[in-house]
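Dumped structure-v4.txt below, it's compact mmCIF, C-alpha atoms:
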```txt
# COMPACT_ATOMS: atom_id res chain seq x y z
CA MET A 1 -12.87 -10.10 -13.08
CA THR A 2 -12.79 -7.07 -10.78
CA ILE A 3 -9.91 -6.56 -8.35
CA LEU A 4 -10.11 -4.36 -5.29
CA VAL A 5 -7.02 -2.34 -4.47
CA GLY A 6 -7.98 -1.33 -0.96
CA TYR A 7 -5.98 0.95 1.29
CA ALA A 8 -5.85 2.61 4.69
CA SER A 9 -3.76 5.78 4.58
CA ALA A 10 -2.71 8.30 7.22
CA HIS A 11 -1.26 11.16 5.16
CA GLY A 12 -1.53 9.99 1.55
CA SER A 13 1.47 7.81 0.69
CA THR A 14 -0.41 4.53 0.99
CA ARG A 15 -3.22 5.94 -1.11
CA SER A 16 -0.78 7.06 -3.83
CA ILE A 17 0.86 3.63 -3.88
CA ALA A 18 -2.54 1.94 -4.12
CA GLU A 19 -3.43 4.20 -7.03
CA ARG A 20 -0.21 3.36 -8.82
CA ILE A 21 -0.83 -0.36 -8.34
CA GLY A 22 -4.33 0.14 -9.73
CA THR A 23 -2.86 1.94 -12.74
CA VAL A 24 -0.51 -0.93 -13.52
CA LEU A 25 -3.23 -3.55 -13.17
CA ALA A 26 -5.48 -1.54 -15.47
CA GLU A 27 -2.65 -1.37 -18.01
CA HIS A 28 -2.69 -5.18 -17.97
CA ASP A 29 -6.35 -5.25 -18.99
CA ILE A 30 -7.68 -5.91 -15.48
CA ARG A 31 -10.81 -4.22 -14.13
CA VAL A 32 -9.85 -2.46 -10.90
CA GLU A 33 -11.44 -0.46 -8.12
CA VAL A 34 -9.17 1.62 -5.90
CA ARG A 35 -10.83 2.72 -2.68
CA PRO A 36 -10.28 3.01 1.10
CA MET A 37 -11.06 -0.23 2.89
CA ASP A 38 -13.41 1.43 5.36
CA GLY A 39 -15.57 2.47 2.40
CA VAL A 40 -16.03 -1.06 1.03
CA GLU A 41 -19.43 -2.46 1.97
CA ASP A 42 -19.54 -5.69 -0.02
CA ALA A 43 -16.23 -7.53 -0.40
CA GLY A 44 -18.06 -10.33 -2.15
CA GLY A 45 -18.27 -8.26 -5.31
CA TYR A 46 -14.55 -8.70 -6.02
CA GLU A 47 -12.65 -11.68 -7.42
CA GLY A 48 -9.28 -10.69 -5.99
CA PHE A 49 -7.70 -8.22 -3.57
CA VAL A 50 -4.59 -6.10 -3.17
CA LEU A 51 -4.77 -4.57 0.30
CA GLY A 52 -2.38 -2.08 1.86
CA SER A 53 -2.05 -0.01 5.00
CA ALA A 54 0.22 2.51 6.61
CA VAL A 55 2.13 1.09 9.57
CA HIS A 56 1.82 2.73 12.99
CA SER A 57 3.45 1.13 16.01
CA ARG A 58 4.44 -1.87 13.87
CA ALA A 59 0.84 -2.63 12.94
CA TRP A 60 -1.72 -1.90 10.24
CA LEU A 61 -4.20 0.89 10.89
CA PRO A 62 -7.39 -0.14 12.73
CA GLU A 63 -9.64 0.41 9.71
CA ALA A 64 -7.52 -1.97 7.64
CA LEU A 65 -7.56 -4.67 10.31
CA ASP A 66 -11.31 -4.20 10.71
CA PHE A 67 -11.82 -4.84 6.99
CA VAL A 68 -9.69 -7.98 7.10
CA THR A 69 -11.75 -9.23 10.04
CA ARG A 70 -15.21 -8.55 8.62
CA ALA A 71 -14.31 -9.75 5.11
CA HIS A 72 -12.34 -12.78 6.32
CA ASP A 73 -14.60 -15.43 4.82
CA VAL A 74 -14.50 -13.78 1.40
CA LEU A 75 -10.76 -13.17 1.50
CA ALA A 76 -10.07 -16.76 2.52
CA GLY A 77 -11.44 -18.07 -0.76
CA ARG A 78 -9.89 -15.57 -3.20
CA PRO A 79 -6.41 -14.41 -4.23
CA VAL A 80 -5.03 -11.76 -1.90
CA TRP A 81 -1.83 -9.70 -1.96
CA LEU A 82 -0.84 -7.41 0.91
CA PHE A 83 1.44 -4.40 1.22
CA SER A 84 2.47 -2.17 4.08
CA VAL A 85 3.91 1.33 3.94
CA GLY A 86 6.59 2.22 6.46
CA MET A 87 9.94 3.96 6.45
CA PRO A 88 12.67 1.32 6.00
CA ALA A 89 14.49 3.39 3.35
CA ALA A 90 14.83 6.31 5.79
CA LEU A 91 16.86 4.22 8.22
CA ARG A 92 20.62 4.80 8.33
CA GLY A 93 23.68 3.01 9.68
CA PRO A 94 23.03 0.09 12.03
CA TRP A 95 19.31 0.85 11.97
CA ARG A 96 19.01 -0.27 8.32
CA SER A 97 18.78 -3.88 9.44
CA TYR A 98 15.52 -3.04 11.20
CA GLY A 99 13.64 -2.76 7.91
CA PRO A 100 13.75 -6.47 6.99
CA LYS A 101 12.94 -7.38 10.60
CA GLU A 102 9.88 -5.16 10.56
CA GLU A 103 8.75 -6.68 7.27
CA ALA A 104 9.11 -10.17 8.72
CA LEU A 105 7.12 -9.23 11.82
CA LEU A 106 4.34 -7.65 9.76
CA THR A 107 4.23 -10.63 7.41
CA GLU A 108 3.90 -13.07 10.29
CA GLU A 109 1.18 -11.02 11.95
CA LEU A 110 -0.83 -10.59 8.75
CA HIS A 111 -0.51 -14.22 7.70
CA GLN A 112 -1.99 -15.21 11.04
CA ARG A 113 -5.09 -13.30 10.00
CA LEU A 114 -5.41 -14.58 6.43
CA ALA A 115 -3.55 -16.62 3.85
CA ALA A 116 -2.17 -14.08 1.40
CA ARG A 117 -0.06 -14.91 -1.63
CA GLU A 118 2.54 -12.31 -0.72
CA HIS A 119 3.26 -9.35 1.54
CA ARG A 120 5.57 -6.43 0.74
CA LEU A 121 6.82 -3.54 2.85
CA PHE A 122 7.31 -0.33 0.86
CA SER A 123 8.75 2.97 1.99
CA GLY A 124 6.52 6.03 1.98
CA VAL A 125 7.08 9.73 2.56
CA PHE A 126 8.78 10.68 5.81
CA ARG A 127 8.17 14.30 6.78
CA ARG A 128 9.03 16.32 9.86
CA GLU A 129 5.56 17.83 10.23
CA HIS A 130 3.94 14.40 10.51
CA ILE A 131 5.57 13.45 13.78
CA PRO A 132 5.51 14.96 17.31
CA LEU A 133 8.51 16.58 18.98
CA THR A 134 9.53 13.44 20.87
CA GLY A 135 9.53 11.48 17.62
CA ARG A 136 11.70 14.11 15.94
CA LEU A 137 14.27 13.85 18.72
CA ILE A 138 14.40 10.07 18.38
CA CYS A 139 14.76 10.40 14.62
CA LYS A 140 17.65 12.80 15.07
CA VAL A 141 19.43 10.37 17.37
CA MET A 142 18.88 7.54 14.92
CA GLY A 143 20.08 9.64 11.99
CA LEU A 144 16.86 9.24 10.02
CA ARG A 145 16.42 11.51 7.02
CA TYR A 146 13.17 13.07 5.93
CA GLY A 147 12.12 12.68 2.32
CA ASP A 148 10.06 10.88 -0.28
CA TYR A 149 11.19 7.24 -0.34
CA ARG A 150 8.50 5.80 -2.58
CA ASP A 151 10.25 3.50 -5.07
CA TRP A 152 7.93 3.61 -8.07
CA PRO A 153 9.84 1.07 -10.22
CA GLN A 154 9.75 -1.40 -7.31
CA ILE A 155 6.04 -0.79 -6.76
CA GLU A 156 5.20 -1.06 -10.45
CA GLY A 157 7.25 -4.23 -10.80
CA TRP A 158 5.35 -5.83 -7.94
CA ALA A 159 2.03 -4.79 -9.44
CA SER A 160 3.06 -6.30 -12.78
CA ALA A 161 3.90 -9.56 -11.01
CA ILE A 162 0.41 -9.52 -9.46
CA ALA A 163 -1.08 -9.04 -12.92
CA ASP A 164 0.92 -12.04 -14.11
CA GLY A 165 -0.39 -14.03 -11.16
CA LEU A 166 -3.91 -13.16 -12.23
CA GLY A 167 -3.20 -14.40 -15.73
CA ALA A 168 -3.46 -10.94 -17.26
CA ARG A 169 -2.21 -9.76 -20.62
CA GLY A 170 0.68 -7.35 -21.05
CA PRO A 171 0.30 -3.58 -20.61
CA VAL A 172 -2.27 -1.98 -22.90
CA SER A 173 -2.75 1.58 -21.60
CA ALA A 174 -0.88 4.36 -19.83
CA ALA A 175 -3.91 5.92 -18.17
CA GLY A 176 -4.50 5.60 -14.44
CA PRO A 177 -7.51 4.97 -12.19
CA ALA A 178 -9.13 7.53 -9.97
CA ALA A 179 -9.30 6.63 -6.30
CA GLY A 180 -12.63 5.05 -5.50
CA ALA A 181 -13.49 4.50 -9.14
CA ALA A 182 -14.02 1.36 -11.14
CA VAL A 183 -11.35 0.93 -13.80
CA PRO A 184 -12.65 -0.71 -16.98
CA PRO A 185 -10.22 -2.70 -19.10
CA ARG A 186 -8.59 -1.61 -22.36
CA GLY A 187 -8.89 1.98 -23.39
CA ARG A 188 -11.81 2.89 -21.11
CA VAL A 189 -9.82 3.72 -18.01
CA SER A 190 -11.20 6.48 -15.78
CA ARG A 191 -8.94 9.52 -16.05
CA GLY A 192 -7.55 9.65 -12.55
CA GLY A 193 -3.98 9.96 -13.81
CA ARG A 194 -0.81 8.42 -12.46
CA PRO A 195 -0.24 9.53 -8.87
CA GLY A 196 2.49 12.12 -8.72
CA ARG A 197 4.45 13.78 -5.95
CA ASP A 198 1.68 15.93 -4.52
CA LYS A 199 3.14 17.36 -1.33
CA ARG A 200 -0.33 17.82 0.15
CA ALA A 201 -1.02 14.10 -0.09
CA GLU A 202 2.21 12.62 1.18
CA ASP A 203 2.78 10.62 4.32
CA GLY A 204 5.29 10.99 7.06
CA GLY A 205 6.90 8.59 9.46
CA GLN A 206 7.98 8.28 13.03
CA ALA A 207 10.81 6.61 14.84
CA ARG A 208 11.01 3.03 15.99
CA GLY A 209 8.27 2.01 18.35
CA ASP A 210 5.64 4.27 16.74
CA SER A 211 6.40 4.55 13.04
CA ARG A 212 3.90 6.75 11.25
CA PRO A 213 4.23 6.28 7.52
CA GLY A 214 1.68 6.28 4.75
```
Spell out the structure here as structure tokens.
Amino acid sequence: MTILVGYASAHGSTRSIAERIGTVLAEHDIRVEVRPMDGVEDAGGYEGFVLGSAVHSRAWLPEALDFVTRAHDVLAGRPVWLFSVGMPAALRGPWRSYGPKEEALLTEELHQRLAAREHRLFSGVFRREHIPLTGRLICKVMGLRYGDYRDWPQIEGWASAIADGLGARGPVSAAGPAAGAAVPPRGRVSRGGRPGRDKRAEDGGQARGDSRPG
């Protein structure tokens, strides 16, 4: 069984989360490929999918939606999990309630496109340099804080639950997959390493109405 962990990333957060999910699945003795969705030519070569995208203007990136559309027939007959990367953890005060609402909206929209087993909204990296001046002003008014909000234990726990859903064994390795590489099971994992906090590969975000995470 080979699982595709496909992603569409704007600044790197979504990619790093996809890589971490791939690492966890590989540790559970699952063969994994981690690659951008716009680089996947034949979806039929995979038995299951974990697909994720950064969220801009409350929607997945175009390349992610394009993949879901062109691979719809394949996805409809195989297990699929979805994740989005936004900035709910950066919200403060009364704006914190917006996070669950955004997740619900994304889930409804995505489930209209395909029947996935589950959808999760994760927080990415929210940086000042990734948003225009108008967005920074809105963020200041809303009290948003810049920073790295990736919750690795949450992400790894979700990936482990996916492995359980695939009937996988328990963890067997601590090595991680390289992006775009096939990940063989048990002890033959490509040495991509666990994704760390590389500032050059992190995503930012933008205020409500045009969020620019992952």
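In this structure, CA of Ile17 in chain A sits 17.7 Å away from CA of Gly48 in chain A.
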Residue among A:Tyr149, A:Phe83, A:Trp158, A:Tyr46 lying closest to Ala59 in chain A, counting all atoms listed in the file: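 That would be A:Phe83, the residue with the smallest distance to Ala59 in chain A.
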For Ile155 in chain A, the nearest of the candidates A:Ile3, A:His111, A:Ala10, A:Ser84, counting all atoms listed in the file: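 Among A:Ile3, A:His111, A:Ala10, A:Ser84, it is A:Ser84 that comes nearest to Ile155 in chain A.
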